[in-house]
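Student: This one is upload36.cif, mmCIF, C-alpha atoms.
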data_protein
#
loop_
_atom_site.label_atom_id
_atom_site.label_comp_id
_atom_site.auth_asym_id
_atom_site.auth_seq_id
_atom_site.Cartn_x
_atom_site.Cartn_y
_atom_site.Cartn_z
CA MET V 21 -94.49 105.12 -146.40
CA GLY V 22 -91.11 106.19 -147.69
CA LYS V 23 -92.56 109.28 -149.33
CA VAL V 24 -94.52 110.09 -146.18
CA ALA V 25 -91.38 109.75 -144.10
CA VAL V 26 -89.47 112.01 -146.46
CA ALA V 27 -92.31 114.55 -146.30
CA PHE V 28 -92.33 114.44 -142.50
CA ALA V 29 -88.56 114.80 -142.46
CA ALA V 30 -88.76 117.79 -144.78
CA VAL V 31 -91.43 119.41 -142.60
CA ALA V 32 -89.30 118.74 -139.51
CA VAL V 33 -86.26 120.32 -141.16
CA VAL V 34 -88.26 123.38 -142.20
CA ALA V 35 -89.73 123.69 -138.69
CA ALA V 36 -86.31 123.32 -137.08
CA CYS V 37 -84.83 125.92 -139.39
CA SER V 38 -87.75 128.27 -138.67
CA VAL V 39 -87.29 127.87 -134.92
CA ALA V 40 -83.53 128.38 -135.25
CA ALA V 41 -84.06 131.44 -137.41
CA MET V 42 -86.57 132.83 -134.90
CA MET V 43 -84.18 132.26 -131.98
CA VAL V 44 -81.29 133.86 -133.88
CA GLY V 45 -83.55 136.75 -134.77
CA ARG V 46 -84.60 137.22 -131.15
CA ARG V 47 -80.98 137.12 -129.98
CA MET V 48 -79.96 139.68 -132.58
CA LYS V 49 -82.93 141.87 -131.61
CA SER V 50 -82.01 141.47 -127.94
CA ARG V 51 -78.42 142.45 -128.66
CA ARG V 52 -79.57 145.50 -130.62
CA LYS V 53 -81.76 146.52 -127.68
CA TRP V 54 -78.84 146.04 -125.31
CA ARG V 55 -76.59 148.16 -127.53
CA THR V 56 -79.29 150.83 -127.55
CA VAL V 57 -79.48 150.76 -123.74
CA VAL V 58 -75.69 151.07 -123.48
CA GLU V 59 -75.77 154.03 -125.88
CA ILE V 60 -78.52 155.73 -123.86
CA LEU V 61 -76.65 155.25 -120.59
CA LYS V 62 -73.43 156.57 -122.14
CA GLU V 63 -75.24 159.64 -123.45
CA LEU V 64 -76.85 160.21 -120.05
CA GLU V 65 -73.47 159.84 -118.34
CA ASP V 66 -71.92 162.37 -120.72
CA ASP V 67 -74.77 164.84 -120.11
CA CYS V 68 -74.41 164.53 -116.33
CA ASP V 69 -70.65 165.00 -116.45
CA THR V 70 -70.81 168.76 -115.95
CA PRO V 71 -67.56 170.76 -115.71
CA VAL V 72 -66.75 172.28 -112.33
CA ALA V 73 -66.67 175.74 -113.88
CA ARG V 74 -70.28 175.32 -114.99
CA LEU V 75 -71.31 174.13 -111.54
CA ARG V 76 -69.73 177.26 -110.04
CA GLN V 77 -71.85 179.35 -112.40
CA VAL V 78 -74.95 177.59 -111.09
CA VAL V 79 -73.91 178.31 -107.49
CA ASP V 80 -73.29 181.99 -108.27
CA ALA V 81 -76.62 182.27 -110.08
CA MET V 82 -78.39 180.63 -107.14
CA ALA V 83 -76.83 183.11 -104.69
CA VAL V 84 -78.03 186.04 -106.83
CA GLU V 85 -81.57 184.61 -107.01
CA MET V 86 -81.60 183.94 -103.25
CA HIS V 87 -80.77 187.57 -102.46
CA ALA V 88 -83.39 188.77 -104.96
CA GLY V 89 -86.02 186.47 -103.46
CA LEU V 90 -85.29 187.73 -99.95
CA ALA V 91 -85.47 191.33 -101.14
CA SER V 92 -88.90 191.33 -102.80
CA GLU V 93 -91.91 189.17 -103.63
CA GLY V 94 -91.88 187.88 -107.19
CA GLY V 95 -88.43 189.28 -107.92
CA SER V 96 -86.73 185.91 -108.29
CA LYS V 97 -87.08 182.42 -109.70
CA LEU V 98 -86.69 181.32 -106.07
CA LYS V 99 -89.80 182.14 -104.03
CA MET V 100 -87.86 182.24 -100.73
CA LEU V 101 -91.05 181.73 -98.71
CA LEU V 102 -91.28 182.55 -95.02
CA THR V 103 -92.29 179.57 -92.89
CA PHE V 104 -92.71 181.28 -89.50
CA VAL V 105 -90.64 178.41 -88.10
CA HIS V 106 -88.05 180.25 -86.05
CA VAL V 107 -87.62 177.85 -83.14
CA LEU V 108 -86.53 174.33 -84.01
CA PRO V 109 -86.91 171.28 -81.70
CA THR V 110 -84.56 171.38 -78.73
CA GLY V 111 -85.04 167.84 -77.45
CA ARG V 112 -86.98 169.00 -74.40
CA GLU V 113 -90.32 168.39 -76.09
CA LYS V 114 -92.56 165.86 -74.39
CA GLY V 115 -95.86 164.20 -75.20
CA THR V 116 -97.75 162.32 -77.90
CA TYR V 117 -98.40 164.02 -81.22
CA TYR V 118 -99.90 163.20 -84.61
CA ALA V 119 -98.72 164.02 -88.10
CA LEU V 120 -100.29 163.93 -91.55
CA HIS V 121 -98.12 164.23 -94.65
CA LEU V 122 -99.67 164.87 -98.06
CA GLY V 123 -96.96 164.26 -100.66
CA GLY V 124 -96.81 163.74 -104.39
CA THR V 125 -97.53 160.00 -104.49
CA TYR V 126 -98.45 158.97 -100.93
CA PHE V 127 -100.05 160.39 -97.84
CA ARG V 128 -98.81 159.26 -94.44
CA ILE V 129 -100.29 159.33 -90.95
CA LEU V 130 -98.27 158.69 -87.82
CA ARG V 131 -98.29 158.99 -84.07
CA VAL V 132 -95.08 159.76 -82.20
CA HIS V 133 -94.07 160.11 -78.58
CA LEU V 134 -91.37 162.58 -77.53
CA GLY V 135 -89.50 161.78 -74.34
CA ALA V 136 -88.00 165.17 -73.33
CA GLN V 137 -84.50 164.26 -74.47
CA ARG V 138 -82.73 164.83 -77.78
CA SER V 139 -82.99 162.04 -80.32
CA TYR V 140 -85.68 160.24 -78.32
CA LEU V 141 -88.39 159.76 -80.93
CA ASP V 142 -90.76 156.84 -80.49
CA VAL V 143 -92.81 156.32 -83.65
CA GLN V 144 -95.71 154.37 -82.19
CA ASP V 145 -97.75 153.86 -85.33
CA VAL V 146 -97.47 154.81 -89.01
CA GLU V 147 -99.56 154.26 -92.12
CA ARG V 148 -98.69 154.98 -95.73
CA HIS V 149 -101.33 155.04 -98.47
CA LEU V 150 -101.22 155.70 -102.19
CA ILE V 151 -103.09 158.90 -103.03
CA PRO V 152 -106.21 157.90 -105.02
CA SER V 153 -105.93 159.46 -108.47
CA HIS V 154 -109.49 160.79 -108.46
CA LEU V 155 -108.68 163.03 -105.49
CA MET V 156 -106.07 164.94 -107.47
CA ASN V 157 -108.68 166.74 -109.59
CA SER V 158 -111.73 166.59 -107.33
CA THR V 159 -112.70 169.40 -104.91
CA SER V 160 -111.18 170.69 -101.69
CA GLU V 161 -114.11 169.30 -99.69
CA VAL V 162 -113.72 165.82 -101.19
CA LEU V 163 -109.95 165.81 -100.64
CA PHE V 164 -110.03 166.96 -97.02
CA ASN V 165 -113.04 164.84 -96.10
CA PHE V 166 -111.03 161.84 -97.29
CA LEU V 167 -107.99 162.88 -95.20
CA ALA V 168 -110.19 163.46 -92.14
CA PHE V 169 -111.83 160.06 -92.60
CA SER V 170 -108.38 158.44 -92.83
CA LEU V 171 -107.32 160.16 -89.60
CA GLU V 172 -110.51 158.99 -87.91
CA ARG V 173 -109.81 155.37 -88.87
CA PHE V 174 -106.22 155.75 -87.71
CA ILE V 175 -107.32 156.99 -84.28
CA GLU V 176 -109.88 154.21 -83.94
CA LYS V 177 -107.03 151.69 -84.20
CA GLU V 178 -105.39 153.02 -81.02
CA GLU V 179 -105.42 150.73 -78.05
CA SER V 180 -108.18 151.26 -75.52
CA GLY V 181 -107.13 153.71 -72.86
CA SER V 182 -104.14 155.02 -74.81
CA ASP V 183 -105.54 158.52 -74.75
CA SER V 184 -107.31 160.36 -71.92
CA GLN V 185 -110.95 161.08 -72.52
CA GLY V 186 -111.53 164.64 -73.74
CA VAL V 187 -107.90 165.48 -74.42
CA LYS V 188 -107.44 167.32 -77.71
CA ARG V 189 -104.95 165.69 -80.04
CA GLU V 190 -102.31 167.97 -81.58
CA LEU V 191 -101.72 167.45 -85.30
CA ALA V 192 -98.88 168.66 -87.53
CA PHE V 193 -99.83 168.87 -91.22
CA THR V 194 -96.94 168.46 -93.65
CA PHE V 195 -98.09 169.84 -97.00
CA SER V 196 -95.62 169.35 -99.87
CA TYR V 197 -96.79 172.24 -102.04
CA PRO V 198 -95.94 175.98 -102.17
CA LEU V 199 -97.64 177.95 -99.41
CA LYS V 200 -97.62 181.59 -98.40
CA HIS V 201 -97.63 181.38 -94.62
CA THR V 202 -99.28 183.90 -92.34
CA SER V 203 -98.35 182.01 -89.16
CA ILE V 204 -96.91 178.66 -88.07
CA SER V 205 -100.37 177.14 -88.31
CA SER V 206 -101.85 178.82 -91.37
CA GLY V 207 -100.93 179.31 -95.01
CA VAL V 208 -102.64 179.74 -98.37
CA LEU V 209 -101.90 177.57 -101.38
CA ILE V 210 -99.90 179.38 -104.08
CA LYS V 211 -100.15 176.68 -106.72
CA TRP V 212 -100.44 172.94 -107.14
CA THR V 213 -97.59 170.76 -108.37
CA LYS V 214 -97.00 166.99 -108.77
CA GLY V 215 -100.22 166.31 -110.65
CA PHE V 216 -102.82 167.95 -108.38
CA GLU V 217 -105.27 170.18 -110.25
CA ILE V 218 -107.87 171.44 -107.75
CA SER V 219 -107.91 175.05 -108.94
CA GLU V 220 -110.52 176.30 -106.46
CA MET V 221 -108.12 175.58 -103.60
CA VAL V 222 -105.53 178.11 -104.77
CA GLY V 223 -105.59 181.02 -102.30
CA LYS V 224 -107.32 179.01 -99.56
CA ASP V 225 -105.93 178.45 -96.07
CA ILE V 226 -104.91 174.79 -96.14
CA ALA V 227 -104.86 174.34 -92.37
CA GLU V 228 -108.35 175.79 -92.12
CA CYS V 229 -109.61 173.39 -94.82
CA LEU V 230 -108.27 170.42 -92.88
CA GLN V 231 -109.54 171.72 -89.53
CA ASP V 232 -113.05 172.20 -90.96
CA ALA V 233 -113.02 168.61 -92.24
CA LEU V 234 -111.87 167.30 -88.84
CA ASP V 235 -114.63 169.27 -87.11
CA ARG V 236 -117.25 167.90 -89.51
CA ARG V 237 -116.27 164.39 -88.45
CA GLY V 238 -116.36 165.35 -84.77
CA LEU V 239 -112.65 164.65 -84.21
CA ASN V 240 -111.17 166.33 -81.15
CA MET V 241 -108.00 167.25 -83.03
CA HIS V 242 -106.27 170.59 -83.56
CA VAL V 243 -104.08 171.48 -86.56
CA ALA V 244 -101.25 173.01 -84.54
CA ALA V 245 -98.65 173.35 -87.31
CA LEU V 246 -98.59 173.58 -91.10
CA VAL V 247 -95.20 172.99 -92.69
CA ASN V 248 -93.58 172.08 -95.99
CA ASP V 249 -92.01 168.61 -96.22
CA THR V 250 -88.55 170.17 -96.57
CA VAL V 251 -89.09 172.13 -93.36
CA GLY V 252 -90.22 168.91 -91.70
CA ALA V 253 -87.02 167.21 -92.82
CA MET V 254 -84.96 170.06 -91.39
CA SER V 255 -86.82 169.96 -88.07
CA LEU V 256 -86.15 166.24 -87.75
CA GLY V 257 -82.49 166.74 -88.67
CA TYR V 258 -82.15 169.49 -86.07
CA TYR V 259 -83.87 167.33 -83.47
CA HIS V 260 -81.07 164.79 -83.87
CA ASP V 261 -78.23 167.26 -84.54
CA PRO V 262 -78.40 170.96 -83.52
CA ASP V 263 -75.78 171.84 -86.16
CA THR V 264 -78.35 171.21 -88.93
CA VAL V 265 -78.99 174.39 -90.94
CA VAL V 266 -80.06 173.09 -94.38
CA ALA V 267 -82.44 170.40 -95.64
CA VAL V 268 -82.88 169.12 -99.20
CA VAL V 269 -85.46 166.67 -100.52
CA PHE V 270 -85.41 164.65 -103.74
CA GLY V 271 -88.57 162.81 -104.72
CA SER V 272 -91.30 163.53 -107.25
CA GLY V 273 -89.71 166.97 -107.23
CA SER V 274 -86.85 168.68 -105.43
CA ASN V 275 -86.67 171.49 -102.89
CA ALA V 276 -84.53 172.99 -100.13
CA CYS V 277 -84.87 175.12 -97.02
CA TYR V 278 -82.35 176.70 -94.68
CA LEU V 279 -82.05 178.84 -91.54
CA GLU V 280 -81.75 182.54 -92.41
CA ARG V 281 -81.16 185.65 -90.26
CA THR V 282 -84.35 187.71 -90.05
CA ASP V 283 -82.45 190.94 -90.70
CA ALA V 284 -81.45 189.51 -94.10
CA ILE V 285 -85.11 189.05 -95.14
CA ILE V 286 -85.48 192.55 -96.60
CA LYS V 287 -88.98 191.99 -98.03
CA CYS V 288 -90.29 191.72 -94.46
CA GLN V 289 -88.55 194.60 -92.74
CA GLY V 290 -89.28 194.78 -89.05
CA LEU V 291 -89.81 191.02 -88.83
CA LEU V 292 -88.78 190.01 -85.33
CA THR V 293 -88.36 186.56 -83.85
CA THR V 294 -87.12 185.47 -80.45
CA SER V 295 -84.30 183.53 -82.09
CA GLY V 296 -83.31 186.19 -84.62
CA SER V 297 -83.68 183.70 -87.46
CA MET V 298 -86.30 181.90 -89.53
CA VAL V 299 -86.44 178.86 -91.77
CA VAL V 300 -86.88 179.94 -95.41
CA ASN V 301 -88.51 177.60 -97.92
CA MET V 302 -86.64 178.22 -101.18
CA GLU V 303 -89.04 176.45 -103.58
CA TRP V 304 -86.14 176.04 -105.97
CA GLY V 305 -87.96 173.90 -108.55
CA ASN V 306 -88.27 176.69 -111.17
CA PHE V 307 -84.65 177.68 -110.71
CA LEU V 308 -83.38 174.11 -111.00
CA TYR V 309 -85.44 173.43 -114.08
CA SER V 310 -84.19 176.56 -115.86
CA MET V 311 -80.56 175.99 -114.87
CA CYS V 312 -80.57 172.28 -115.52
CA SER V 313 -82.02 172.82 -118.97
CA ASN V 314 -78.46 173.76 -119.87
CA LEU V 315 -76.95 170.96 -117.81
CA VAL V 316 -78.94 167.76 -117.63
CA LEU V 317 -82.56 168.34 -118.59
CA ASN V 318 -82.03 169.81 -122.03
CA ARG V 319 -80.84 166.54 -123.56
CA SER V 320 -81.13 163.93 -120.83
CA MET V 321 -84.79 164.54 -119.93
CA ASN V 322 -85.76 164.74 -123.61
CA LEU V 323 -83.88 161.50 -124.13
CA TRP V 324 -85.71 159.99 -121.16
CA ARG V 325 -89.11 161.05 -122.52
CA ILE V 326 -88.38 159.77 -126.01
CA ARG V 327 -86.85 156.42 -125.02
CA PHE V 328 -89.00 155.71 -121.94
CA PRO V 329 -92.37 157.42 -122.52
CA GLY V 330 -94.09 155.25 -119.90
CA ALA V 331 -91.69 156.23 -117.11
CA SER V 332 -92.46 158.81 -114.44
CA ASN V 333 -90.76 161.98 -115.65
CA LEU V 334 -91.17 163.62 -112.26
CA ASN V 335 -89.32 160.86 -110.46
CA ALA V 336 -86.70 160.79 -113.19
CA MET V 337 -86.23 164.52 -112.80
CA GLY V 338 -85.76 164.14 -109.05
CA SER V 339 -83.13 161.48 -109.66
CA LEU V 340 -81.28 163.65 -112.17
CA PHE V 341 -81.36 166.60 -109.78
CA GLN V 342 -79.90 164.36 -107.12
CA ILE V 343 -77.06 163.26 -109.42
CA GLU V 344 -76.28 166.83 -110.44
CA TYR V 345 -76.53 168.55 -107.09
CA LEU V 346 -74.81 165.92 -105.02
CA SER V 347 -71.85 166.50 -107.32
CA MET V 348 -72.06 170.16 -106.32
CA GLY V 349 -71.71 169.41 -102.60
CA PRO V 350 -68.09 170.57 -102.13
CA ILE V 351 -68.79 173.72 -104.15
CA LEU V 352 -71.93 174.62 -102.21
CA VAL V 353 -70.09 174.47 -98.88
CA GLY V 354 -67.12 176.39 -100.22
CA SER V 355 -64.40 173.76 -100.26
CA GLU V 356 -62.05 173.38 -103.17
CA PRO V 357 -63.00 170.65 -105.62
CA THR V 358 -60.44 168.15 -106.71
CA LYS V 359 -58.67 169.05 -109.93
CA GLN V 360 -59.78 167.21 -113.02
#
Please, can you express the file's structure as C-alpha cells?
Tutor:
Amino acid sequence: MGKVAVAFAAVAVVAACSVAAMMVGRRMKSRRKWRTVVEILKELEDDCDTPVARLRQVVDAMAVEMHAGLASEGGSKLKMLLTFVHVLPTGREKGTYYALHLGGTYFRILRVHLGAQRSYLDVQDVERHLIPSHLMNSTSEVLFNFLAFSLERFIEKEESGSDSQGVKRELAFTFSYPLKHTSISSGVLIKWTKGFEISEMVGKDIAECLQDALDRRGLNMHVAALVNDTVGAMSLGYYHDPDTVVAVVFGSGSNACYLERTDAIIKCQGLLTTSGSMVVNMEWGNFLYSMCSNLVLNRSMNLWRIRFPGASNLNAMGSLFQIEYLSMGPILVGSEPTKQ
C-alpha cells in the first residue's frame, strides 16, 4: 500500500505540475497575444495620424478632380454623376409613400407619412432584411422578383382599410450603386460594387427592372424616384434643416453628394433647372482609395488583412475613411486647424 500511495502521489504531483505548466503557458500566450494587439493598435494609430499639410494636399487634389469631373465624362477619378434631383423636400409634402433601399448588406422597406410641415415624418412601418448571398450573383430577374415579392408581403401586412382601393402606391427606390441617370425616375447601372456580380445588369435601367417585377406580381405600385443612398441622406437632412448642402455616408463603402450650381456643370451645357442647382453624386470611392493608399490604406489596410483575414475589409475600409475624413472636417469647410 505504501508503494501504491507513493505512486499515486507521484502521479498527482506530475499532473499538478502539468496543469500548472499548461496554465502558465496559456497566460504567457495570452500576454503575447495582448502585446501583439497593442502593437497593432499603436501601428494603426500612427498610420491614421496624418499631418495637416498632407490633409490639405488631399483637399486640393479633391477640388481639382471635382472640377475635372464636372467638365467632362471620364476625365476624373470622381464620376460627379448628375442625379436630376434639383428640388429638395420643402416640408409641404403630404401623403403616404413607400421606400425600398438596396444596400451593401441589407435591404430595407418602409412606409412613411408626411404631414405637410417640416420635420414631420411618421415612419409607420419598417423592415430590414439581410441580402441573401445567392442573389448577389444570380440574374436581374431573380433579384428583382425577390424584391417585388418582399414588397408584396410588406403591403399585405398593412391594416385593413389603411389604403383606398385602386389607389396607386408611390415608391422611392434607393439604389446604393453607381448610376447614370436620365431622369429622376430612371438610371442605368454603371457597375456593381459591394460584392454584387450580376454582369448582365450593367447598362440596364434599374427603375424599369423593378417596375417590370412589380407589374409581374400585379402590384399597383409606381417607381416614382430612383436615387443613390447618399442623395437620400441629403434629402432627409434637408427635410429637417434647409441649410443642408452636403451628405456623406460611411458603411460598406463611402460616398458623398452635394448641391451644385447647374452653370458649373460644364459637361452638360444648357442644363436648366427651376432651382438653378442640382445634387451631384460624387462617387468618390476611387479617389479615396487612391489617396488613402498614401495615408491609411497602404499600411493599415494591409495590416488589417494580414492580422484579421476573417474580418470584413469593406466595413474596415469604411471605418478608416471615417477616421481620416472626420479629421479633415475643419479643413474641408475652410477653417483654420489648431496648431500642432
Student: For the structure shown, which residues end up in the PyMOL selection byres ((chain V and resi 105) around 6)? Put them as a PyMOL selection string, please?
Tutor: chain V and resi 103-104+106-107+298-299
Student: So that I can check the surroundings of Ala83 in chain V, please list as number ranges by chain every protein, DNA and RNA residue that reaches within 12 Å of it, counting all atoms listed in the file and ignoring chain neighbours fewer than 5 positions away.
Tutor: V: 76-78, 88-90, 96-98, 100, 302, 304, 307, 352
Student: Given the file above and the PyMOL selection byres ((chain V and resi 283) around 12), which residues are selected, and can you give them as a tab-separated table (two decimals) with C-alpha atoms, in the coordinates of the input?
Tutor:
chain	number	residue	atom	x	y	z
V	90	LEU	CA	-85.29	187.73	-99.95
V	91	ALA	CA	-85.47	191.33	-101.14
V	280	GLU	CA	-81.75	182.54	-92.41
V	281	ARG	CA	-81.16	185.65	-90.26
V	282	THR	CA	-84.35	187.71	-90.05
V	284	ALA	CA	-81.45	189.51	-94.10
V	285	ILE	CA	-85.11	189.05	-95.14
V	286	ILE	CA	-85.48	192.55	-96.60
V	287	LYS	CA	-88.98	191.99	-98.03
V	288	CYS	CA	-90.29	191.72	-94.46
V	289	GLN	CA	-88.55	194.60	-92.74
V	290	GLY	CA	-89.28	194.78	-89.05
V	291	LEU	CA	-89.81	191.02	-88.83
V	292	LEU	CA	-88.78	190.01	-85.33
V	293	THR	CA	-88.36	186.56	-83.85
V	295	SER	CA	-84.30	183.53	-82.09
V	296	GLY	CA	-83.31	186.19	-84.62
V	297	SER	CA	-83.68	183.70	-87.46
V	298	MET	CA	-86.30	181.90	-89.53
Student: Nearest residue to Leu141 in chain V out of V:Ser206, V:Thr125, V:Tyr278, V:His260, using all atoms listed in the file?
Tutor: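 Closest residue, counting all atoms listed in the file: V:His260.
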Student: Can you tell me which residues surround Val247 in chain V at a distance of at most 8 Å, considering only C-alpha atoms, apart from same-chain residues fewer than 3 positions away, and format the answer as a list of chain:residue names?
Tutor: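 With the cut-off at 8 Å, the set is V:Thr103, V:Ala192, V:Phe193, V:Thr194, V:Phe195, V:Ile204, V:Ser205, V:Val251, V:Gly252.
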Student: Could you save those same residues with C-alpha atoms as a PDB file, in the frame of the given file?
Tutor:
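Resulting contents of part_39.pdb:
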ATOM      1  CA  THR V 103     -92.290 179.570 -92.890  1.00  0.00           C
ATOM      2  CA  ALA V 192     -98.880 168.660 -87.530  1.00  0.00           C
ATOM      3  CA  PHE V 193     -99.830 168.870 -91.220  1.00  0.00           C
ATOM      4  CA  THR V 194     -96.940 168.460 -93.650  1.00  0.00           C
ATOM      5  CA  PHE V 195     -98.090 169.840 -97.000  1.00  0.00           C
ATOM      6  CA  ILE V 204     -96.910 178.660 -88.070  1.00  0.00           C
ATOM      7  CA  SER V 205    -100.370 177.140 -88.310  1.00  0.00           C
ATOM      8  CA  VAL V 251     -89.090 172.130 -93.360  1.00  0.00           C
ATOM      9  CA  GLY V 252     -90.220 168.910 -91.700  1.00  0.00           C
TER      10      GLY V 252
END
Student: Between V:Phe169, V:Phe216, V:Tyr258, V:Tyr197, which is the closest to Gly305 in chain V once you count all atoms listed in the file?
Tutor: V:Tyr197
Student: With all atoms listed in the file as the basis for distance, which of V:Lys99, V:Lys53, V:Arg131, V:His201 is at the shortest distance from Arg189 in chain V?
Tutor: V:Arg131
Student: For range 224-241 of chain V, work out the shell of residues within 8 Å, counting all atoms listed in the file and skipping chain neighbours fewer than 2 positions away, then give it as a PyMOL selection string.
Tutor: chain V and resi 160-161+164-165+167-169+172+186-191+193+205-209+221-222+243+246
Student: Smallest atom-to-atom distance to Cys277 in chain V: which of V:Tyr118, V:Glu93, V:Leu75, V:Met86, using all atoms listed in the file?
Tutor: V:Met86
Student: One decimal, in Å: what's the spacing between CA of Leu150 in chain V and CA of Leu163 in chain V?
Tutor: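 Rounded to one decimal, the two atoms are 13.4 Å apart.
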Student: Edge lengths and centre in Å to one decimal, as JSON, of the axis-aligned box that encloses all listed atoms of range 247-254 of chain V with 5 Å added on every side?
Tutor:
{"center_x": -90.1, "center_y": 170.1, "center_z": -94.0, "size_x": 20.2, "size_y": 15.8, "size_z": 15.2}
Student: What do you get, as a PDB file with C-alpha atoms, keeping the file's coordinate frame, if you spell out every residue that the PyMOL selection byres ((chain V and resi 151) around 9) selects here?
Tutor:
ATOM      1  CA  LEU V 122     -99.670 164.870 -98.060  1.00  0.00           C
ATOM      2  CA  GLY V 123     -96.960 164.260-100.660  1.00  0.00           C
ATOM      3  CA  GLY V 124     -96.810 163.740-104.390  1.00  0.00           C
ATOM      4  CA  THR V 125     -97.530 160.000-104.490  1.00  0.00           C
ATOM      5  CA  TYR V 126     -98.450 158.970-100.930  1.00  0.00           C
ATOM      6  CA  PHE V 127    -100.050 160.390 -97.840  1.00  0.00           C
ATOM      7  CA  HIS V 149    -101.330 155.040 -98.470  1.00  0.00           C
ATOM      8  CA  LEU V 150    -101.220 155.700-102.190  1.00  0.00           C
ATOM      9  CA  PRO V 152    -106.210 157.900-105.020  1.00  0.00           C
ATOM     10  CA  SER V 153    -105.930 159.460-108.470  1.00  0.00           C
ATOM     11  CA  HIS V 154    -109.490 160.790-108.460  1.00  0.00           C
ATOM     12  CA  LEU V 155    -108.680 163.030-105.490  1.00  0.00           C
ATOM     13  CA  MET V 156    -106.070 164.940-107.470  1.00  0.00           C
TER      14      MET V 156
END
Student: Please indicate the distance in Å from CA of Gly111 in chain V to CA of Asp142 in chain V, rounded to one decimal place.
Tutor: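 Computed distance, CA of Gly111 in chain V to CA of Asp142 in chain V, equals 12.8 Å.
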Student: For a test of reading the model, state the distance in Å between CA of Ser170 in chain V and CA of Ile129 in chain V, rounded to one decimal.
Tutor: 8.4 Å
Student: Can you work out which one of V:Asp249, V:Glu220, V:Asp261, V:Glu178 has the shortest atom-to-atom distance to Arg128 in chain V, counting only C-alpha atoms?
Tutor: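 Selected residue with least distance to Arg128 in chain V: V:Asp249.
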Student: Mind rebuilding range 144-161 of chain V with N, CA and C atoms and writing that out as a compact mmCIF listing (two decimals), keeping the file's coordinate frame?
Tutor:
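File produced: out-v6.txt:
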# COMPACT_ATOMS: atom_id res chain seq x y z
N GLN V 144 -94.85 155.43 -82.73
CA GLN V 144 -95.71 154.37 -82.19
C GLN V 144 -96.57 153.71 -83.26
N ASP V 145 -96.92 154.44 -84.28
CA ASP V 145 -97.75 153.86 -85.33
C ASP V 145 -97.60 154.70 -86.59
N VAL V 146 -97.59 154.07 -87.75
CA VAL V 146 -97.47 154.81 -89.01
C VAL V 146 -98.21 154.06 -90.11
N GLU V 147 -98.87 154.81 -90.96
CA GLU V 147 -99.56 154.26 -92.12
C GLU V 147 -99.14 155.04 -93.36
N ARG V 148 -98.99 154.33 -94.47
CA ARG V 148 -98.69 154.98 -95.73
C ARG V 148 -99.67 154.48 -96.77
N HIS V 149 -100.32 155.41 -97.48
CA HIS V 149 -101.33 155.04 -98.47
C HIS V 149 -101.05 155.77 -99.78
N LEU V 150 -101.30 155.09 -100.88
CA LEU V 150 -101.22 155.70 -102.19
C LEU V 150 -102.36 156.70 -102.33
N ILE V 151 -102.05 157.89 -102.85
CA ILE V 151 -103.09 158.90 -103.03
C ILE V 151 -104.00 158.48 -104.18
N PRO V 152 -105.30 158.27 -103.93
CA PRO V 152 -106.21 157.90 -105.02
C PRO V 152 -106.20 158.96 -106.13
N SER V 153 -106.09 158.53 -107.35
CA SER V 153 -105.93 159.46 -108.47
C SER V 153 -107.12 160.41 -108.62
N HIS V 154 -108.32 159.93 -108.27
CA HIS V 154 -109.49 160.79 -108.46
C HIS V 154 -109.49 161.98 -107.52
N LEU V 155 -108.73 161.91 -106.43
CA LEU V 155 -108.68 163.03 -105.49
C LEU V 155 -107.87 164.19 -106.04
N MET V 156 -107.00 163.92 -107.00
CA MET V 156 -106.07 164.94 -107.47
C MET V 156 -106.74 165.99 -108.34
N ASN V 157 -107.94 165.73 -108.82
CA ASN V 157 -108.68 166.74 -109.59
C ASN V 157 -110.14 166.78 -109.16
N SER V 158 -110.37 166.58 -107.86
CA SER V 158 -111.73 166.59 -107.33
C SER V 158 -112.05 168.00 -106.82
N THR V 159 -112.45 168.11 -105.55
CA THR V 159 -112.70 169.40 -104.91
C THR V 159 -112.00 169.41 -103.56
N SER V 160 -111.84 170.60 -102.99
CA SER V 160 -111.18 170.69 -101.69
C SER V 160 -111.96 169.93 -100.62
N GLU V 161 -113.29 169.99 -100.69
CA GLU V 161 -114.11 169.30 -99.69
C GLU V 161 -113.93 167.79 -99.79
